[in-house]
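structure-v5.cif follows; it contains mmCIF, C-alpha atoms.
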data_target
loop_
_atom_site.label_atom_id
_atom_site.label_comp_id
_atom_site.auth_asym_id
_atom_site.auth_seq_id
_atom_site.Cartn_x
_atom_site.Cartn_y
_atom_site.Cartn_z
CA MET T 395 -9.92 24.81 20.16
CA ASN T 396 -6.64 23.40 19.03
CA LEU T 397 -4.92 24.89 22.04
CA LEU T 398 -6.75 22.45 24.27
CA ILE T 399 -5.29 19.45 22.49
CA ASN T 400 -2.33 17.93 24.22
CA THR T 401 0.17 16.41 21.83
CA ALA T 402 2.83 13.81 22.48
CA LYS T 403 5.47 16.25 21.26
CA ASN T 404 4.46 18.93 23.75
CA ASN T 405 4.88 16.44 26.56
CA ASN T 406 8.33 15.35 25.46
CA LEU T 407 6.88 12.06 24.28
CA ALA T 408 7.25 10.36 20.92
CA LEU T 409 4.99 7.89 19.17
CA CYS T 410 6.67 4.89 17.56
CA PRO T 411 5.43 4.77 13.97
CA GLN T 412 5.70 0.97 13.82
CA CYS T 413 4.06 -0.30 17.00
CA HIS T 414 2.28 2.92 18.08
CA LYS T 415 3.83 2.84 21.53
CA VAL T 416 4.16 6.18 23.31
CA ASN T 417 7.83 6.58 24.26
CA VAL T 418 9.47 9.02 26.62
CA LEU T 419 11.85 11.15 24.62
CA GLY T 420 14.07 11.98 27.59
CA ASP T 421 17.14 14.02 26.74
CA ALA T 422 17.09 13.17 23.04
CA ALA T 423 16.47 16.02 20.61
CA SER T 424 13.33 16.09 18.49
CA ASP T 425 15.16 15.05 15.32
CA GLU T 426 17.42 12.48 16.95
CA LYS T 427 16.96 8.77 16.27
CA ILE T 428 15.65 6.90 19.29
CA GLN T 429 14.82 3.29 20.00
CA CYS T 430 11.30 2.19 20.84
CA VAL T 431 11.11 0.42 24.21
CA ARG T 432 8.50 -1.99 22.91
CA CYS T 433 9.42 -3.05 19.36
CA LYS T 434 13.12 -2.01 19.52
CA GLY T 435 12.78 -0.21 16.20
CA MET T 436 14.62 3.04 15.57
CA PHE T 437 12.54 6.13 14.88
CA TYR T 438 12.38 9.91 15.08
CA GLN T 439 9.85 11.94 17.02
CA ARG T 440 9.72 14.01 13.84
CA ASN T 441 12.00 13.30 10.95
CA SER T 442 13.32 16.73 10.04
CA ARG T 443 14.08 15.51 6.53
CA SER T 444 10.57 14.14 5.94
CA LEU T 445 9.52 17.01 3.65
CA GLN T 446 12.79 16.90 1.72
CA TYR T 447 12.42 13.18 1.08
CA THR T 448 8.83 13.62 -0.07
CA LEU T 449 9.80 16.44 -2.39
CA ALA T 450 12.77 14.54 -3.84
CA TRP T 451 10.80 11.35 -4.52
CA SER T 452 7.93 13.35 -6.05
CA ILE T 453 10.32 15.10 -8.44
CA ALA T 454 11.84 11.72 -9.38
CA ALA T 455 8.33 10.39 -10.03
CA LEU T 456 7.50 13.37 -12.22
CA ILE T 457 10.67 12.86 -14.28
CA ALA T 458 9.97 9.15 -14.76
CA PHE T 459 6.40 9.99 -15.80
CA ILE T 460 7.63 11.76 -18.98
CA PRO T 461 9.22 8.73 -20.75
CA ALA T 462 6.38 6.61 -19.38
CA ASN T 463 4.01 8.54 -21.63
CA LEU T 464 6.28 9.04 -24.62
CA TYR T 465 7.37 5.44 -25.21
CA PRO T 466 4.96 2.66 -26.15
CA ILE T 467 3.73 0.64 -23.19
CA MET T 468 2.73 -2.31 -25.34
CA ILE T 469 3.19 -3.54 -28.89
CA ILE T 470 0.51 -5.66 -30.53
CA TYR T 471 1.88 -7.92 -33.28
CA SER T 472 -0.74 -9.31 -35.60
CA LEU T 473 0.31 -11.32 -38.64
CA GLY T 474 3.86 -10.14 -38.13
CA ILE T 475 3.08 -6.43 -38.13
CA GLY T 476 3.75 -4.57 -34.89
CA GLU T 477 1.49 -1.80 -33.70
CA PRO T 478 2.87 0.12 -30.72
CA SER T 479 0.54 1.93 -28.34
CA THR T 480 1.32 4.40 -25.56
CA ILE T 481 -0.77 4.77 -22.41
CA LEU T 482 -2.83 7.54 -23.99
CA SER T 483 -3.30 5.86 -27.36
CA GLY T 484 -4.35 2.69 -25.54
CA ILE T 485 -7.06 4.68 -23.79
CA GLY T 486 -8.01 6.11 -27.21
CA GLN T 487 -8.46 2.58 -28.54
CA PHE T 488 -10.84 1.74 -25.70
CA ILE T 489 -12.89 4.84 -26.53
CA ASP T 490 -12.91 3.94 -30.24
CA HIS T 491 -14.28 0.52 -29.36
CA GLY T 492 -16.91 2.07 -27.12
CA LEU T 493 -15.52 0.61 -23.90
CA TYR T 494 -16.03 3.81 -21.91
CA PRO T 495 -16.00 2.40 -18.35
CA ILE T 496 -12.63 0.70 -18.96
CA ALA T 497 -11.27 3.83 -20.64
CA ILE T 498 -12.26 5.87 -17.58
CA ILE T 499 -10.74 3.34 -15.15
CA ILE T 500 -7.42 3.20 -17.03
CA PHE T 501 -7.32 6.96 -17.52
CA THR T 502 -7.93 7.51 -13.80
CA ALA T 503 -5.40 4.93 -12.65
CA SER T 504 -2.62 5.75 -15.10
CA ILE T 505 -2.89 9.50 -15.70
CA ILE T 506 -5.04 11.24 -13.11
CA VAL T 507 -3.86 9.37 -9.99
CA PRO T 508 -0.08 9.72 -10.56
CA LEU T 509 -0.39 13.39 -11.52
CA LEU T 510 -2.78 14.14 -8.68
CA LYS T 511 -0.44 12.40 -6.28
CA ILE T 512 2.66 14.26 -7.42
CA ALA T 513 0.91 17.65 -7.53
CA GLY T 514 -0.84 16.94 -4.22
CA LEU T 515 2.40 16.06 -2.47
CA PHE T 516 4.03 19.23 -3.81
CA VAL T 517 1.17 21.26 -2.34
CA LEU T 518 1.29 19.40 0.99
CA VAL T 519 5.06 19.86 1.30
CA TYR T 520 4.72 23.56 0.46
CA ARG T 521 1.89 24.12 2.91
CA ALA T 522 3.55 22.12 5.69
CA HIS T 523 6.82 23.97 5.16
CA THR T 524 5.48 27.52 4.97
CA GLY T 525 2.27 27.16 6.95
CA ILE T 526 0.46 29.37 4.41
CA ARG T 527 -3.27 28.64 4.28
CA LEU T 528 -2.70 25.41 6.11
CA ARG T 529 -5.89 23.53 7.02
CA PRO T 530 -4.64 20.44 8.87
CA ASP T 531 -8.04 18.71 9.00
CA LYS T 532 -8.61 19.06 5.23
CA HIS T 533 -4.99 18.45 4.29
CA SER T 534 -4.56 15.34 6.37
CA LYS T 535 -7.72 13.86 4.82
CA PHE T 536 -6.30 14.71 1.39
CA TYR T 537 -3.03 13.03 2.32
CA HIS T 538 -4.94 9.93 3.35
CA LEU T 539 -6.66 9.84 -0.02
CA LEU T 540 -3.33 10.12 -1.84
CA GLU T 541 -1.85 7.31 0.23
CA PHE T 542 -4.84 5.09 -0.46
CA LEU T 543 -4.84 5.75 -4.22
CA GLY T 544 -1.13 5.02 -4.68
CA PRO T 545 -1.06 1.27 -5.42
CA TRP T 546 -4.01 1.49 -7.85
CA SER T 547 -1.77 3.10 -10.45
CA MET T 548 -0.08 -0.26 -10.89
CA LEU T 549 -3.23 -1.33 -12.75
CA ASP T 550 -1.85 -0.68 -16.22
CA VAL T 551 1.34 -2.61 -15.46
CA PHE T 552 -0.64 -5.65 -14.33
CA VAL T 553 -2.89 -5.43 -17.38
CA VAL T 554 0.10 -5.40 -19.72
CA ALA T 555 1.72 -8.29 -17.81
CA LEU T 556 -1.48 -10.34 -18.16
CA LEU T 557 -1.96 -9.53 -21.83
CA VAL T 558 1.64 -10.40 -22.64
CA ALA T 559 1.23 -13.79 -20.97
CA VAL T 560 -2.22 -14.67 -22.27
CA VAL T 561 -2.07 -13.43 -25.86
CA GLU T 562 0.69 -15.56 -27.25
CA LEU T 563 -0.71 -17.13 -30.35
CA GLY T 564 2.41 -17.33 -32.47
CA PHE T 565 2.15 -15.65 -35.85
CA ILE T 566 -1.51 -14.65 -35.53
CA THR T 567 -1.31 -12.33 -32.52
CA THR T 568 1.29 -11.67 -29.88
CA ILE T 569 1.47 -8.83 -27.39
CA ALA T 570 4.83 -7.54 -26.19
CA ALA T 571 5.54 -5.04 -23.44
CA GLY T 572 7.15 -1.72 -24.38
CA PRO T 573 9.88 0.28 -22.62
CA ALA T 574 7.35 2.68 -21.06
CA ILE T 575 6.28 -0.01 -18.62
CA ASN T 576 9.60 0.30 -16.77
CA TYR T 577 9.32 4.06 -16.41
CA PHE T 578 5.68 3.88 -15.47
CA THR T 579 6.38 1.36 -12.70
CA LEU T 580 9.15 3.61 -11.41
CA THR T 581 6.68 6.52 -11.32
CA VAL T 582 4.26 4.51 -9.22
CA ILE T 583 6.92 3.26 -6.82
CA PHE T 584 8.47 6.70 -6.42
CA THR T 585 5.08 8.27 -5.61
CA MET T 586 4.41 5.53 -3.06
CA ILE T 587 7.76 6.11 -1.35
CA ALA T 588 7.14 9.87 -1.49
CA ALA T 589 3.78 9.48 0.23
CA ASN T 590 5.24 7.09 2.81
CA SER T 591 8.00 9.50 3.77
CA PHE T 592 5.55 12.34 4.40
CA ASP T 593 4.72 12.77 8.10
CA SER T 594 1.18 14.09 8.42
CA ARG T 595 1.88 15.24 11.98
CA LEU T 596 3.95 18.10 10.52
CA LEU T 597 0.71 19.59 9.21
CA TRP T 598 -0.68 19.77 12.74
CA ASP T 599 2.54 20.99 14.36
CA LYS T 600 2.50 24.10 12.20
CA GLN T 601 -1.10 24.83 13.08
CA GLN T 602 -0.36 24.58 16.77
CA ASN T 603 2.64 26.87 16.53
CA SER T 604 0.74 29.52 14.63
CA ASP T 605 -2.11 29.34 17.14
CA GLU T 606 0.27 29.83 20.00
CA ASN T 607 1.73 32.91 18.35
CA PHE T 608 -1.59 34.71 18.27
CA MET F 337 -0.58 24.11 28.21
CA ARG F 338 -0.37 21.27 30.66
CA HIS F 339 2.94 19.48 30.57
CA LEU F 340 3.22 16.05 32.04
CA SER F 341 6.28 15.11 34.02
CA ASN F 342 8.86 12.78 32.59
CA ASN F 343 8.30 9.83 34.91
CA ILE F 344 4.85 8.98 33.64
CA ASP F 345 3.46 5.58 32.84
CA THR F 346 3.44 5.46 29.05
CA LYS F 347 1.29 2.34 29.19
CA GLN F 348 -1.62 4.57 30.15
CA LEU F 349 -1.19 6.83 27.14
CA ILE F 350 -2.19 6.65 23.52
CA ALA F 351 -1.31 9.09 20.73
CA CYS F 352 -2.82 9.62 17.31
CA GLN F 353 -0.55 8.40 14.51
CA LEU F 354 -1.73 11.13 12.17
CA CYS F 355 -1.87 14.29 14.26
CA ASP F 356 0.05 13.40 17.45
CA ALA F 357 -2.80 14.25 19.83
CA LEU F 358 -2.24 12.59 23.21
CA TYR F 359 -4.94 10.85 25.22
CA GLU F 360 -5.30 8.58 28.21
CA LYS F 361 -5.67 5.03 27.02
CA PRO F 362 -9.28 3.88 27.25
CA GLN F 363 -10.14 0.29 28.15
CA LEU F 364 -11.88 -1.17 25.13
CA LYS F 365 -14.34 -4.01 24.92
CA GLN F 366 -14.33 -6.23 21.84
CA GLY F 367 -15.71 -4.42 18.82
CA GLN F 368 -15.07 -0.90 20.16
CA ILE F 369 -12.90 1.64 18.38
CA VAL F 370 -11.20 4.84 19.53
CA LYS F 371 -11.23 7.87 17.28
CA CYS F 372 -9.09 10.95 17.58
CA THR F 373 -11.21 13.99 18.48
CA ARG F 374 -8.93 16.32 16.56
CA CYS F 375 -8.45 14.66 13.17
CA GLY F 376 -11.12 11.95 13.31
CA SER F 377 -8.87 9.05 12.40
CA THR F 378 -9.13 5.67 14.07
CA MET F 379 -6.41 5.34 16.71
CA ALA F 380 -7.08 1.88 18.05
CA GLU F 381 -9.58 -0.87 17.55
CA ARG F 382 -10.31 -3.89 19.67
CA LYS F 383 -11.35 -6.42 17.06
CA VAL F 384 -13.82 -9.21 17.79
CA ASN F 385 -12.24 -12.62 18.23
CA SER F 386 -9.23 -11.41 16.30
CA ILE F 387 -6.76 -14.24 16.89
CA GLU F 388 -9.15 -17.05 15.93
CA ARG F 389 -10.52 -15.30 12.87
CA SER F 390 -7.16 -14.19 11.55
CA PHE F 391 -5.72 -17.67 12.17
CA TYR F 392 -8.35 -19.41 10.06
CA TRP F 393 -8.40 -16.79 7.30
CA SER F 394 -4.63 -16.95 6.92
CA MET F 395 -4.74 -20.75 6.93
CA ALA F 396 -7.33 -20.60 4.12
CA GLY F 397 -5.14 -18.12 2.28
CA LEU F 398 -2.10 -20.36 2.52
CA LEU F 399 -4.05 -23.35 1.23
CA LEU F 400 -5.30 -21.33 -1.74
CA LEU F 401 -1.86 -19.97 -2.55
CA ILE F 402 -0.71 -22.78 -4.83
CA PRO F 403 -3.90 -23.10 -6.94
CA ALA F 404 -4.16 -19.31 -7.22
CA VAL F 405 -0.62 -18.94 -8.50
CA LEU F 406 -0.33 -22.03 -10.70
CA LEU F 407 -3.78 -22.63 -12.20
CA PRO F 408 -4.51 -20.71 -15.41
CA LEU F 409 -6.52 -17.54 -14.83
CA MET F 410 -7.93 -17.22 -18.32
CA GLY F 411 -7.39 -18.34 -21.89
CA VAL F 412 -7.97 -16.98 -25.37
CA THR F 413 -8.97 -18.72 -28.57
CA LEU F 414 -8.26 -17.04 -31.88
CA ALA F 415 -8.37 -18.69 -35.31
CA GLY F 416 -8.50 -22.13 -33.72
CA GLN F 417 -5.49 -21.57 -31.49
CA TYR F 418 -5.85 -21.66 -27.74
CA HIS F 419 -3.49 -20.26 -25.13
CA HIS F 420 -3.95 -19.72 -21.42
CA ALA F 421 -1.86 -18.19 -18.65
CA SER F 422 -1.58 -18.33 -14.89
CA LEU F 423 -0.22 -15.72 -12.51
CA LEU F 424 3.18 -17.40 -12.66
CA ASP F 425 3.06 -17.45 -16.49
CA CYS F 426 2.75 -13.64 -16.46
CA ILE F 427 6.05 -13.41 -14.64
CA ILE F 428 7.75 -16.02 -16.82
CA ALA F 429 6.52 -14.22 -19.97
CA LEU F 430 7.99 -10.97 -18.72
CA ILE F 431 11.33 -12.64 -17.95
CA ASP F 432 11.37 -14.24 -21.44
CA ARG F 433 10.99 -10.83 -23.05
CA GLY F 434 13.73 -9.31 -20.92
CA PHE F 435 11.59 -7.18 -18.60
CA PHE F 436 13.40 -8.25 -15.47
CA MET F 437 12.48 -5.28 -13.31
CA ILE F 438 8.77 -5.54 -14.07
CA ALA F 439 8.88 -9.31 -13.58
CA THR F 440 10.51 -8.86 -10.18
CA LEU F 441 8.04 -6.20 -9.10
CA VAL F 442 4.96 -8.08 -10.28
CA PHE F 443 6.32 -11.11 -8.43
CA LEU F 444 6.86 -9.06 -5.29
CA PHE F 445 3.53 -7.21 -5.25
CA ALA F 446 1.26 -9.99 -6.47
CA ILE F 447 2.89 -13.13 -5.05
CA ALA F 448 5.73 -12.64 -2.58
CA VAL F 449 4.39 -9.85 -0.34
CA PRO F 450 0.87 -11.34 -0.01
CA THR F 451 2.41 -14.75 0.73
CA ILE F 452 4.82 -13.41 3.34
CA ARG F 453 1.99 -11.47 4.96
CA LEU F 454 -0.14 -14.61 5.12
CA LEU F 455 2.73 -16.63 6.57
CA GLY F 456 3.41 -13.84 9.04
CA SER F 457 -0.16 -13.49 10.27
CA PHE F 458 -0.46 -17.28 10.41
CA TYR F 459 2.68 -17.59 12.52
CA ILE F 460 1.70 -14.79 14.87
CA THR F 461 -1.86 -15.96 15.41
CA TYR F 462 -0.64 -19.55 15.79
CA SER F 463 1.77 -18.44 18.51
CA PHE F 464 -1.01 -16.60 20.30
CA LYS F 465 -3.60 -19.34 19.87
CA TYR F 466 -1.35 -22.06 21.29
CA ASN F 467 0.40 -19.79 23.78
CA LYS F 468 3.88 -20.14 22.30
CA LEU F 469 4.97 -16.54 22.73
CA LYS F 470 8.64 -15.79 22.22
CA PRO F 471 10.53 -12.49 22.61
CA SER F 472 11.57 -12.75 18.94
CA LEU F 473 7.93 -12.11 18.00
CA LEU F 474 8.50 -8.45 18.85
CA TYR F 475 11.03 -8.16 16.04
CA PHE F 476 9.00 -10.38 13.77
CA PHE F 477 5.87 -8.30 14.13
CA ARG F 478 7.76 -5.08 13.53
CA ALA F 479 9.19 -6.45 10.28
CA PHE F 480 5.70 -7.63 9.34
CA HIS F 481 4.41 -4.05 9.47
CA HIS F 482 6.86 -2.85 6.83
CA LEU F 483 4.96 -4.79 4.18
CA ASP F 484 1.59 -3.20 4.92
CA ASN F 485 1.48 -0.95 1.86
CA TRP F 486 2.95 -3.26 -0.72
CA ALA F 487 0.43 -6.05 -1.23
CA MET F 488 -1.47 -5.34 -4.43
CA LEU F 489 -3.74 -8.33 -4.97
CA ASN F 490 -6.80 -6.09 -5.21
CA VAL F 491 -5.15 -4.01 -7.93
CA PHE F 492 -4.18 -7.19 -9.77
CA MET F 493 -7.81 -8.34 -9.59
CA LEU F 494 -8.92 -5.12 -11.26
CA GLY F 495 -6.17 -5.71 -13.81
CA ILE F 496 -7.67 -9.12 -14.59
CA VAL F 497 -11.11 -7.57 -15.11
CA VAL F 498 -9.74 -4.84 -17.38
CA SER F 499 -7.71 -7.24 -19.52
CA MET F 500 -10.73 -9.54 -19.84
CA TYR F 501 -12.75 -6.64 -21.21
CA LYS F 502 -9.97 -5.88 -23.62
CA LEU F 503 -9.72 -9.49 -24.81
CA LEU F 504 -13.49 -9.99 -25.05
CA ASP F 505 -13.49 -7.39 -27.77
CA ASP F 506 -11.67 -9.38 -30.41
CA THR F 507 -11.02 -12.91 -29.15
CA GLU F 508 -12.92 -15.78 -27.64
CA LEU F 509 -12.22 -15.61 -23.95
CA SER F 510 -12.45 -18.48 -21.52
CA ILE F 511 -12.28 -18.26 -17.76
CA ASN F 512 -10.34 -20.94 -15.92
CA MET F 513 -10.34 -22.37 -12.41
CA GLY F 514 -7.36 -20.23 -11.49
CA LEU F 515 -9.56 -17.13 -11.46
CA LEU F 516 -11.84 -18.62 -8.81
CA ALA F 517 -8.83 -19.66 -6.73
CA PHE F 518 -7.34 -16.18 -7.16
CA ILE F 519 -10.54 -14.42 -6.02
CA LEU F 520 -10.79 -16.68 -2.96
CA TRP F 521 -7.11 -16.08 -2.24
CA LEU F 522 -7.68 -12.32 -2.47
CA ILE F 523 -10.64 -12.55 -0.08
CA SER F 524 -8.76 -14.70 2.45
CA SER F 525 -5.67 -12.54 2.52
CA THR F 526 -7.70 -9.34 2.82
CA MET F 527 -9.70 -10.83 5.67
CA ALA F 528 -6.59 -12.23 7.38
CA ALA F 529 -5.04 -8.76 7.37
CA SER F 530 -8.16 -6.87 8.42
CA THR F 531 -9.08 -9.20 11.28
CA LEU F 532 -5.59 -9.05 12.77
CA ASP F 533 -5.74 -6.85 15.88
CA GLN F 534 -2.34 -5.15 15.94
CA ASP F 535 -2.91 -3.15 19.12
CA TYR F 536 -3.90 -6.24 21.04
CA ILE F 537 -0.87 -8.18 19.81
CA TRP F 538 1.55 -5.37 20.66
CA GLN F 539 -0.07 -4.92 24.06
CA LYS F 540 0.18 -8.61 24.88
CA LEU F 541 3.78 -8.88 23.68
CA GLU F 542 4.68 -5.83 25.73
CA ASP F 543 3.09 -7.23 28.91
CA GLU F 544 4.95 -10.47 28.35
CA PHE F 545 8.44 -9.39 27.35
CA VAL F 546 9.02 -5.69 28.07
CA ASP F 547 9.42 -4.57 31.66
#

Please render this file's structure as structure tokens.
Amino acid sequence: MNLLINTAKNNNLALCPQCHKVNVLGDAASDEKIQCVRCKGMFYQRNSRSLQYTLAWSIAALIAFIPANLYPIMIIYSLGIGEPSTILSGIGQFIDHGLYPIAIIIFTASIIVPLLKIAGLFVLVYRAHTGIRLRPDKHSKFYHLLEFLGPWSMLDVFVVALLVAVVELGFITTIAAGPAINYFTLTVIFTMIAANSFDSRLLWDKQQNSDENF
Amino acid sequence: MRHLSNNIDTKQLIACQLCDALYEKPQLKQGQIVKCTRCGSTMAERKVNSIERSFYWSMAGLLLLIPAVLLPLMGVTLAGQYHHASLLDCIIALIDRGFFMIATLVFLFAIAVPTIRLLGSFYITYSFKYNKLKPSLLYFFRAFHHLDNWAMLNVFMLGIVVSMYKLLDDTELSINMGLLAFILWLISSTMAASTLDQDYIWQKLEDEFVD
């Protein structure tokens, strides 16, 4: 069925990623930078380094995720005594206090989503590169999910920022941010850039090529 | 496979952003959408009364900007002491404690990017509404698209809810006017972005300024 689909690439056309205008590629090579006739932005028909960028940013995100979990993300001072808490121990406190819905939300946003995103992008890059067991319809839906989930990981950072600002009651209670917040923010930003640099059309290109071979 | 010749009219073509499938451009009536038959994603949408709606939503968003940023969102009372904080106070508190990177990023994602997007959609819809189209809008609208992923007001809203839960546990929590303004701001900026018909704007700019 896929053979019947005409793609822009097969017709020597290229879609501008910014304004979605179909451009004529002309003599330019597939991985050469061209200028869109409509929005004047520069783009590639396919960026040949797309998978490399995604892989590199995902690895950077994974590295930043380690200190993000080891260092305290916030320190609660009450009556002059500081009590540091990491992301995981903060979730533990919510569970201790019986706040299960919040514990689940924070656990999803701060642990599951970043890890799922990093692991998912690794899988997508691997599949798109090798073409092994590639299911473009499933994988592009999965990619969409990863892209959508990205910003929600910032939740914990915003919570800490709010708590630091609101709970400032001098000697009684003060909340301070911990060093992990820097690393955690870097993780989130790196995964977002990684997802943005992935070109989902590469998933479909591979499929088409393998179909043509048979 | 059928290959088209090189001297084709690209105005009659549309391609899927996600899987690159190529189609002839359909003529849409207001409210209709085009979906890709291969991957099922939405390729284009002709939104109902887009310019008017987006214009008024972004105007509302801009009016709500100052109360949403400056009014206190919530306050806590503990042992007779009261303290409250606004969105701006969050950033100032982070700067005071030396977290410059986080302060910058929270400022960008929760204040600057949403504000620039509101200003951008306001300017574009204003130009369309009062027929003041300029060639520079092509560049402007392209720059506008780069910010699409980086507005995080909805995430910040969830952050407010989570921190309220956390504070409810051991302090006396009070909700201030800023929260209402923030929620309305969130709604207006989401609506301003989702009612903006990008395909229509690009099409119109192209007809006007690109030969």

Show me, as a PDB file with C-alpha atoms, in the frame of the given file, every residue of chain F with an atom at most 8 Å from chain T, counting all atoms listed in the file.
ATOM      1  CA  MET F 337      -0.580  24.110  28.210  1.00  0.00           C
ATOM      2  CA  ARG F 338      -0.370  21.270  30.660  1.00  0.00           C
ATOM      3  CA  HIS F 339       2.940  19.480  30.570  1.00  0.00           C
ATOM      4  CA  LEU F 340       3.220  16.050  32.040  1.00  0.00           C
ATOM      5  CA  SER F 341       6.280  15.110  34.020  1.00  0.00           C
ATOM      6  CA  ASN F 342       8.860  12.780  32.590  1.00  0.00           C
ATOM      7  CA  THR F 346       3.440   5.460  29.050  1.00  0.00           C
ATOM      8  CA  LYS F 347       1.290   2.340  29.190  1.00  0.00           C
ATOM      9  CA  LEU F 349      -1.190   6.830  27.140  1.00  0.00           C
ATOM     10  CA  ILE F 350      -2.190   6.650  23.520  1.00  0.00           C
ATOM     11  CA  ALA F 351      -1.310   9.090  20.730  1.00  0.00           C
ATOM     12  CA  GLN F 353      -0.550   8.400  14.510  1.00  0.00           C
ATOM     13  CA  LEU F 354      -1.730  11.130  12.170  1.00  0.00           C
ATOM     14  CA  CYS F 355      -1.870  14.290  14.260  1.00  0.00           C
ATOM     15  CA  ASP F 356       0.050  13.400  17.450  1.00  0.00           C
ATOM     16  CA  ALA F 357      -2.800  14.250  19.830  1.00  0.00           C
ATOM     17  CA  LEU F 358      -2.240  12.590  23.210  1.00  0.00           C
ATOM     18  CA  TYR F 359      -4.940  10.850  25.220  1.00  0.00           C
ATOM     19  CA  ARG F 374      -8.930  16.320  16.560  1.00  0.00           C
ATOM     20  CA  CYS F 375      -8.450  14.660  13.170  1.00  0.00           C
ATOM     21  CA  MET F 410      -7.930 -17.220 -18.320  1.00  0.00           C
ATOM     22  CA  GLY F 411      -7.390 -18.340 -21.890  1.00  0.00           C
ATOM     23  CA  VAL F 412      -7.970 -16.980 -25.370  1.00  0.00           C
ATOM     24  CA  LEU F 414      -8.260 -17.040 -31.880  1.00  0.00           C
ATOM     25  CA  ALA F 415      -8.370 -18.690 -35.310  1.00  0.00           C
ATOM     26  CA  GLN F 417      -5.490 -21.570 -31.490  1.00  0.00           C
ATOM     27  CA  TYR F 418      -5.850 -21.660 -27.740  1.00  0.00           C
ATOM     28  CA  HIS F 419      -3.490 -20.260 -25.130  1.00  0.00           C
ATOM     29  CA  HIS F 420      -3.950 -19.720 -21.420  1.00  0.00           C
ATOM     30  CA  ALA F 421      -1.860 -18.190 -18.650  1.00  0.00           C
ATOM     31  CA  LEU F 423      -0.220 -15.720 -12.510  1.00  0.00           C
ATOM     32  CA  ASP F 425       3.060 -17.450 -16.490  1.00  0.00           C
ATOM     33  CA  CYS F 426       2.750 -13.640 -16.460  1.00  0.00           C
ATOM     34  CA  ILE F 427       6.050 -13.410 -14.640  1.00  0.00           C
ATOM     35  CA  ALA F 429       6.520 -14.220 -19.970  1.00  0.00           C
ATOM     36  CA  LEU F 430       7.990 -10.970 -18.720  1.00  0.00           C
ATOM     37  CA  ARG F 433      10.990 -10.830 -23.050  1.00  0.00           C
ATOM     38  CA  PHE F 435      11.590  -7.180 -18.600  1.00  0.00           C
ATOM     39  CA  MET F 437      12.480  -5.280 -13.310  1.00  0.00           C
ATOM     40  CA  ILE F 438       8.770  -5.540 -14.070  1.00  0.00           C
ATOM     41  CA  VAL F 442       4.960  -8.080 -10.280  1.00  0.00           C
ATOM     42  CA  LEU F 474       8.500  -8.450  18.850  1.00  0.00           C
ATOM     43  CA  TYR F 475      11.030  -8.160  16.040  1.00  0.00           C
ATOM     44  CA  ARG F 478       7.760  -5.080  13.530  1.00  0.00           C
ATOM     45  CA  HIS F 481       4.410  -4.050   9.470  1.00  0.00           C
ATOM     46  CA  TRP F 486       2.950  -3.260  -0.720  1.00  0.00           C
ATOM     47  CA  MET F 488      -1.470  -5.340  -4.430  1.00  0.00           C
ATOM     48  CA  VAL F 491      -5.150  -4.010  -7.930  1.00  0.00           C
ATOM     49  CA  PHE F 492      -4.180  -7.190  -9.770  1.00  0.00           C
ATOM     50  CA  LEU F 494      -8.920  -5.120 -11.260  1.00  0.00           C
ATOM     51  CA  GLY F 495      -6.170  -5.710 -13.810  1.00  0.00           C
ATOM     52  CA  ILE F 496      -7.670  -9.120 -14.590  1.00  0.00           C
ATOM     53  CA  VAL F 498      -9.740  -4.840 -17.380  1.00  0.00           C
ATOM     54  CA  SER F 499      -7.710  -7.240 -19.520  1.00  0.00           C
ATOM     55  CA  TYR F 501     -12.750  -6.640 -21.210  1.00  0.00           C
ATOM     56  CA  LYS F 502      -9.970  -5.880 -23.620  1.00  0.00           C
ATOM     57  CA  ASP F 535      -2.910  -3.150  19.120  1.00  0.00           C
ATOM     58  CA  TRP F 538       1.550  -5.370  20.660  1.00  0.00           C
ATOM     59  CA  GLU F 542       4.680  -5.830  25.730  1.00  0.00           C
ATOM     60  CA  VAL F 546       9.020  -5.690  28.070  1.00  0.00           C
TER      61      VAL F 546
END

Open item on the list: I'd like to see the residues matched by the PyMOL selection byres ((chain F and resi 446) around 7) on this file, and ideally I'd get them as a list in words.
Closed with: Val442, Phe443, Leu444, Phe445, Ile447, Ala448, Val449, Pro450, Ala487, Met488, Leu489 and Phe492 of chain F

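As for atom CA of Leu503 of chain F and atom CA of Ala458 of chain T, they are spaced 28.9 Å apart.
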
TODO: List the residues selected by the PyMOL selection byres ((chain F and resi 456-471) around 12) in the file shown, writing them as an NGL selection string.
DONE: (:T and (432-434)) or (:F and (385-399 or 448-455 or 472-484 or 524-534 or 536-538 or 540-546))

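Of the listed residues (T:Gln446, T:Ser452, T:Asn441, T:Ser479), T:Ser452 comes nearest to Thr585 of chain T; the distances count all atoms listed in the file.
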
Task: Residues within 9 Å of (7.2, 15.2, 0.9), file coords, all atoms listed in the file, listed as a PyMOL selection string - done: chain T and resi 443-452+515-516+518-520+588-593

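Residue nearest Pro408 of chain F, chosen from F:Val370, F:Val384, F:Leu522, F:Leu424 and counting only C-alpha atoms: F:Leu424.
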